[in-house]
file upload37.csv (CSV, N, CA and C atoms)
chain,number,residue,atom,x,y,z
Y,1,MET,N,100.3,120.6,72.2
Y,1,MET,CA,99.3,119.8,73.0
Y,1,MET,C,97.9,120.0,72.2
Y,2,ASN,N,97.3,118.9,71.9
Y,2,ASN,CA,96.0,119.0,71.2
Y,2,ASN,C,94.8,119.1,72.2
Y,3,ILE,N,93.7,119.4,71.6
Y,3,ILE,CA,92.5,119.7,72.5
Y,3,ILE,C,92.0,118.5,73.3
Y,4,LYS,N,92.2,117.3,72.7
Y,4,LYS,CA,91.8,116.1,73.4
Y,4,LYS,C,92.6,115.9,74.7
Y,5,THR,N,93.9,116.1,74.5
Y,5,THR,CA,94.8,115.9,75.6
Y,5,THR,C,94.5,117.0,76.7
Y,6,LEU,N,94.3,118.2,76.3
Y,6,LEU,CA,94.0,119.3,77.2
Y,6,LEU,C,92.7,119.0,78.0
Y,7,CYS,N,91.7,118.5,77.3
Y,7,CYS,CA,90.4,118.1,77.9
Y,7,CYS,C,90.6,117.0,78.9
Y,8,ALA,N,91.4,116.0,78.5
Y,8,ALA,CA,91.6,114.9,79.4
Y,8,ALA,C,92.3,115.3,80.7
Y,9,ILE,N,93.3,116.2,80.6
Y,9,ILE,CA,94.0,116.7,81.7
Y,9,ILE,C,93.1,117.5,82.6
Y,10,THR,N,92.3,118.4,82.0
Y,10,THR,CA,91.3,119.2,82.8
Y,10,THR,C,90.3,118.3,83.5
Y,11,LEU,N,89.8,117.3,82.8
Y,11,LEU,CA,88.8,116.4,83.4
Y,11,LEU,C,89.4,115.7,84.6
Y,12,THR,N,90.6,115.2,84.5
Y,12,THR,CA,91.3,114.5,85.5
Y,12,THR,C,91.5,115.4,86.7
Y,13,ALA,N,91.9,116.6,86.5
Y,13,ALA,CA,92.2,117.6,87.6
Y,13,ALA,C,90.9,117.9,88.3
Y,14,VAL,N,89.8,118.1,87.6
Y,14,VAL,CA,88.5,118.4,88.2
Y,14,VAL,C,88.0,117.2,89.0
Y,15,SER,N,88.2,116.0,88.4
Y,15,SER,CA,87.7,114.7,89.1
Y,15,SER,C,88.5,114.5,90.4
Y,16,ALA,N,89.8,114.8,90.3
Y,16,ALA,CA,90.7,114.6,91.5
Y,16,ALA,C,90.3,115.6,92.6
Y,17,THR,N,90.0,116.8,92.2
Y,17,THR,CA,89.6,117.8,93.2
Y,17,THR,C,88.2,117.4,93.8
Y,18,THR,N,87.3,117.0,93.0
Y,18,THR,CA,86.0,116.6,93.5
Y,18,THR,C,86.1,115.4,94.4
Y,19,PHE,N,86.9,114.4,94.0
Y,19,PHE,CA,87.1,113.2,94.9
Y,19,PHE,C,87.8,113.6,96.2
Y,20,ALA,N,88.8,114.4,96.2
Y,20,ALA,CA,89.5,114.8,97.4
Y,20,ALA,C,88.6,115.5,98.4
Y,21,ALA,N,87.6,116.3,97.9
Y,21,ALA,CA,86.7,117.0,98.7
Y,21,ALA,C,85.7,116.0,99.4
Y,22,GLU,N,85.6,114.8,98.9
Y,22,GLU,CA,84.6,113.8,99.5
Y,22,GLU,C,85.4,112.6,99.9
Y,23,LYS,N,86.5,112.8,100.5
Y,23,LYS,CA,87.4,111.7,101.0
Y,23,LYS,C,86.7,110.6,101.7
Y,24,THR,N,87.0,109.4,101.3
Y,24,THR,CA,86.5,108.2,102.0
Y,24,THR,C,87.6,107.4,102.5
Y,25,ASP,N,87.5,106.8,103.7
Y,25,ASP,CA,88.5,106.1,104.4
Y,25,ASP,C,89.0,104.9,103.5
Y,26,PHE,N,90.3,104.7,103.4
Y,26,PHE,CA,90.9,103.6,102.6
Y,26,PHE,C,90.2,102.2,102.9
Y,27,GLN,N,90.1,101.9,104.2
Y,27,GLN,CA,89.6,100.6,104.6
Y,27,GLN,C,88.1,100.4,104.2
Y,28,ALA,N,87.4,101.5,104.1
Y,28,ALA,CA,86.0,101.5,103.7
Y,28,ALA,C,85.9,101.1,102.2
Y,29,ILE,N,86.8,101.6,101.4
Y,29,ILE,CA,86.8,101.3,100.0
Y,29,ILE,C,87.3,99.9,99.7
Y,30,ASP,N,88.3,99.5,100.4
Y,30,ASP,CA,89.0,98.2,100.3
Y,30,ASP,C,88.1,97.1,100.8
Y,31,VAL,N,87.0,96.8,100.1
Y,31,VAL,CA,86.0,95.9,100.6
Y,31,VAL,C,86.5,94.5,101.0
Y,32,ASN,N,87.4,94.0,100.1
Y,32,ASN,CA,87.9,92.6,100.4
Y,32,ASN,C,89.1,92.6,101.4
Y,33,ALA,N,89.5,93.7,101.9
Y,33,ALA,CA,90.5,93.9,102.9
Y,33,ALA,C,91.8,93.2,102.5
Y,34,ASP,N,92.2,93.4,101.2
Y,34,ASP,CA,93.5,92.8,100.7
Y,34,ASP,C,94.6,93.8,100.8
Y,35,GLY,N,94.3,95.0,101.2
Y,35,GLY,CA,95.3,96.1,101.3
Y,35,GLY,C,95.5,96.9,100.0
Y,36,PHE,N,94.6,96.7,99.1
Y,36,PHE,CA,94.6,97.4,97.8
Y,36,PHE,C,93.2,97.8,97.4
Y,37,ILE,N,93.1,98.9,96.6
Y,37,ILE,CA,91.8,99.2,96.0
Y,37,ILE,C,91.9,98.9,94.6
Y,38,SER,N,91.0,98.0,94.2
Y,38,SER,CA,90.9,97.6,92.7
Y,38,SER,C,90.1,98.6,92.0
Y,39,LEU,N,90.1,98.5,90.7
Y,39,LEU,CA,89.3,99.4,89.9
Y,39,LEU,C,87.8,99.1,90.2
Y,40,GLU,N,87.4,97.9,90.4
Y,40,GLU,CA,86.0,97.6,90.7
Y,40,GLU,C,85.6,98.2,92.0
Y,41,GLU,N,86.5,98.2,93.0
Y,41,GLU,CA,86.2,98.8,94.3
Y,41,GLU,C,86.1,100.3,94.1
Y,42,ALA,N,87.0,100.9,93.3
Y,42,ALA,CA,87.0,102.3,93.0
Y,42,ALA,C,85.8,102.8,92.4
Y,43,LYS,N,85.1,102.0,91.6
Y,43,LYS,CA,83.9,102.4,91.0
Y,43,LYS,C,82.8,102.7,91.9
Y,44,SER,N,82.9,102.3,93.2
Y,44,SER,CA,81.8,102.5,94.2
Y,44,SER,C,81.9,103.9,94.8
Y,45,ILE,N,83.0,104.7,94.5
Y,45,ILE,CA,83.2,106.0,95.1
Y,45,ILE,C,83.2,107.0,93.9
Y,46,GLU,N,82.3,108.0,94.1
Y,46,GLU,CA,82.2,109.0,93.0
Y,46,GLU,C,83.5,109.7,92.8
Y,47,GLY,N,84.0,109.8,91.6
Y,47,GLY,CA,85.2,110.5,91.2
Y,47,GLY,C,86.5,109.7,91.3
Y,48,LEU,N,86.5,108.6,92.1
Y,48,LEU,CA,87.7,107.8,92.2
Y,48,LEU,C,88.0,107.0,90.9
Y,49,GLU,N,87.0,106.5,90.3
Y,49,GLU,CA,87.2,105.7,89.0
Y,49,GLU,C,87.9,106.6,88.0
Y,50,GLN,N,87.5,107.9,87.9
Y,50,GLN,CA,88.1,108.8,86.9
Y,50,GLN,C,89.5,109.1,87.1
Y,51,VAL,N,90.0,109.1,88.4
Y,51,VAL,CA,91.4,109.4,88.7
Y,51,VAL,C,92.3,108.2,88.9
Y,52,PHE,N,91.6,107.0,88.9
Y,52,PHE,CA,92.3,105.7,89.2
Y,52,PHE,C,93.6,105.5,88.5
Y,53,LEU,N,93.6,105.7,87.1
Y,53,LEU,CA,94.8,105.4,86.4
Y,53,LEU,C,95.9,106.4,86.6
Y,54,VAL,N,95.6,107.6,86.9
Y,54,VAL,CA,96.6,108.6,87.3
Y,54,VAL,C,97.1,108.3,88.7
Y,55,ALA,N,96.3,107.9,89.6
Y,55,ALA,CA,96.7,107.6,91.0
Y,55,ALA,C,97.5,106.4,91.1
Y,56,ASP,N,97.3,105.4,90.2
Y,56,ASP,CA,98.1,104.2,90.2
Y,56,ASP,C,99.5,104.4,89.7
Y,57,ILE,N,100.3,105.0,90.5
Y,57,ILE,CA,101.7,105.5,90.2
Y,57,ILE,C,102.5,104.3,89.7
Y,58,ASN,N,102.5,103.2,90.3
Y,58,ASN,CA,103.4,102.1,89.9
Y,58,ASN,C,102.7,101.2,88.8
Y,59,LYS,N,101.5,101.6,88.3
Y,59,LYS,CA,100.8,100.9,87.2
Y,59,LYS,C,100.6,99.4,87.4
Y,60,ASP,N,100.3,99.0,88.6
Y,60,ASP,CA,100.0,97.6,88.9
Y,60,ASP,C,98.5,97.3,88.9
Y,61,GLY,N,97.7,98.3,88.5
Y,61,GLY,CA,96.3,98.0,88.4
Y,61,GLY,C,95.5,98.1,89.7
Y,62,GLN,N,96.1,98.6,90.7
Y,62,GLN,CA,95.5,98.7,92.0
Y,62,GLN,C,96.1,99.9,92.8
Y,63,LEU,N,95.4,100.4,93.7
Y,63,LEU,CA,95.9,101.5,94.6
Y,63,LEU,C,96.3,100.9,95.9
Y,64,ASP,N,97.5,101.2,96.3
Y,64,ASP,CA,97.9,100.9,97.7
Y,64,ASP,C,97.5,102.1,98.6
Y,65,GLU,N,97.7,102.0,99.9
Y,65,GLU,CA,97.3,103.1,100.8
Y,65,GLU,C,98.1,104.4,100.5
Y,66,ALA,N,99.4,104.3,100.1
Y,66,ALA,CA,100.1,105.5,99.8
Y,66,ALA,C,99.7,106.2,98.6
Y,67,GLU,N,99.3,105.4,97.5
Y,67,GLU,CA,98.8,106.0,96.3
Y,67,GLU,C,97.5,106.7,96.5
Y,68,TYR,N,96.6,106.0,97.3
Y,68,TYR,CA,95.3,106.6,97.6
Y,68,TYR,C,95.5,107.8,98.5
Y,69,GLY,N,96.4,107.8,99.4
Y,69,GLY,CA,96.7,109.0,100.2
Y,69,GLY,C,97.1,110.2,99.4
Y,70,GLU,N,97.8,110.0,98.3
Y,70,GLU,CA,98.3,111.1,97.4
Y,70,GLU,C,97.1,111.8,96.8
Y,71,ILE,N,96.1,111.1,96.4
Y,71,ILE,CA,94.9,111.8,95.8
Y,71,ILE,C,93.9,112.2,96.8
Y,72,SER,N,93.8,111.5,97.9
Y,72,SER,CA,92.7,111.9,98.8
Y,72,SER,C,93.1,113.1,99.7
Y,73,HIS,N,94.3,113.5,99.6
Y,73,HIS,CA,94.7,114.7,100.4
Y,73,HIS,C,94.8,115.9,99.5
Y,74,GLY,N,94.3,115.8,98.3
Y,74,GLY,CA,94.2,116.9,97.3
Y,74,GLY,C,95.5,117.2,96.7
call {"tool": "encode", "arguments": {"input": "upload37.csv", "output": "structure tokens"}}
result
Amino acid sequence: MNIKTLCAITLTAVSATTFAAEKTDFQAIDVNADGFISLEEAKSIEGLEQVFLVADINKDGQLDEAEYGEISHG
């Protein structure tokens, strides 16, 4: 494992921990109420943008409530 990969993993872990500590309700982030959090919506919450790609388990470019729940519960 190279240093860039290690740094990326560490940064993601720290961001996820920071984000989980400041949990925001899913519906409050889902501004357009479509049932998903887009990357644009995620940018409004500190730390969420940094963990978005890791949290997007099915890689569809958005977070559903279950994916959001995985990261918001630490």
call {"tool": "residues_around", "arguments": {"input": "upload37.csv", "residues": "segment 52-61 of chain Y", "least_positions_apart": "2", "cutoff": "8 Å", "atoms": "all atoms listed in the file", "output": "list in words"}}
result
Ile37, Ser38, Leu39, Ala42, Gly47, Leu48, Glu49, Gln50, Leu63, Asp64, Ala66, Glu67, Tyr68, Glu70 and Ile71 of chain Y
call {"tool": "atom_distance", "arguments": {"input": "upload37.csv", "atom1": "atom CA of Ser72 of chain Y", "atom2": "atom CA of Val51 of chain Y"}}
result
10.5 Å
call {"tool": "atom_distance", "arguments": {"input": "upload37.csv", "atom1": "atom C of Phe26 of chain Y", "atom2": "atom N of Gly69 of chain Y"}}
result
9.1 Å
call {"tool": "atom_distance", "arguments": {"input": "upload37.csv", "atom1": "atom C of Val31 of chain Y", "atom2": "atom C of His73 of chain Y"}}
result
23.0 Å
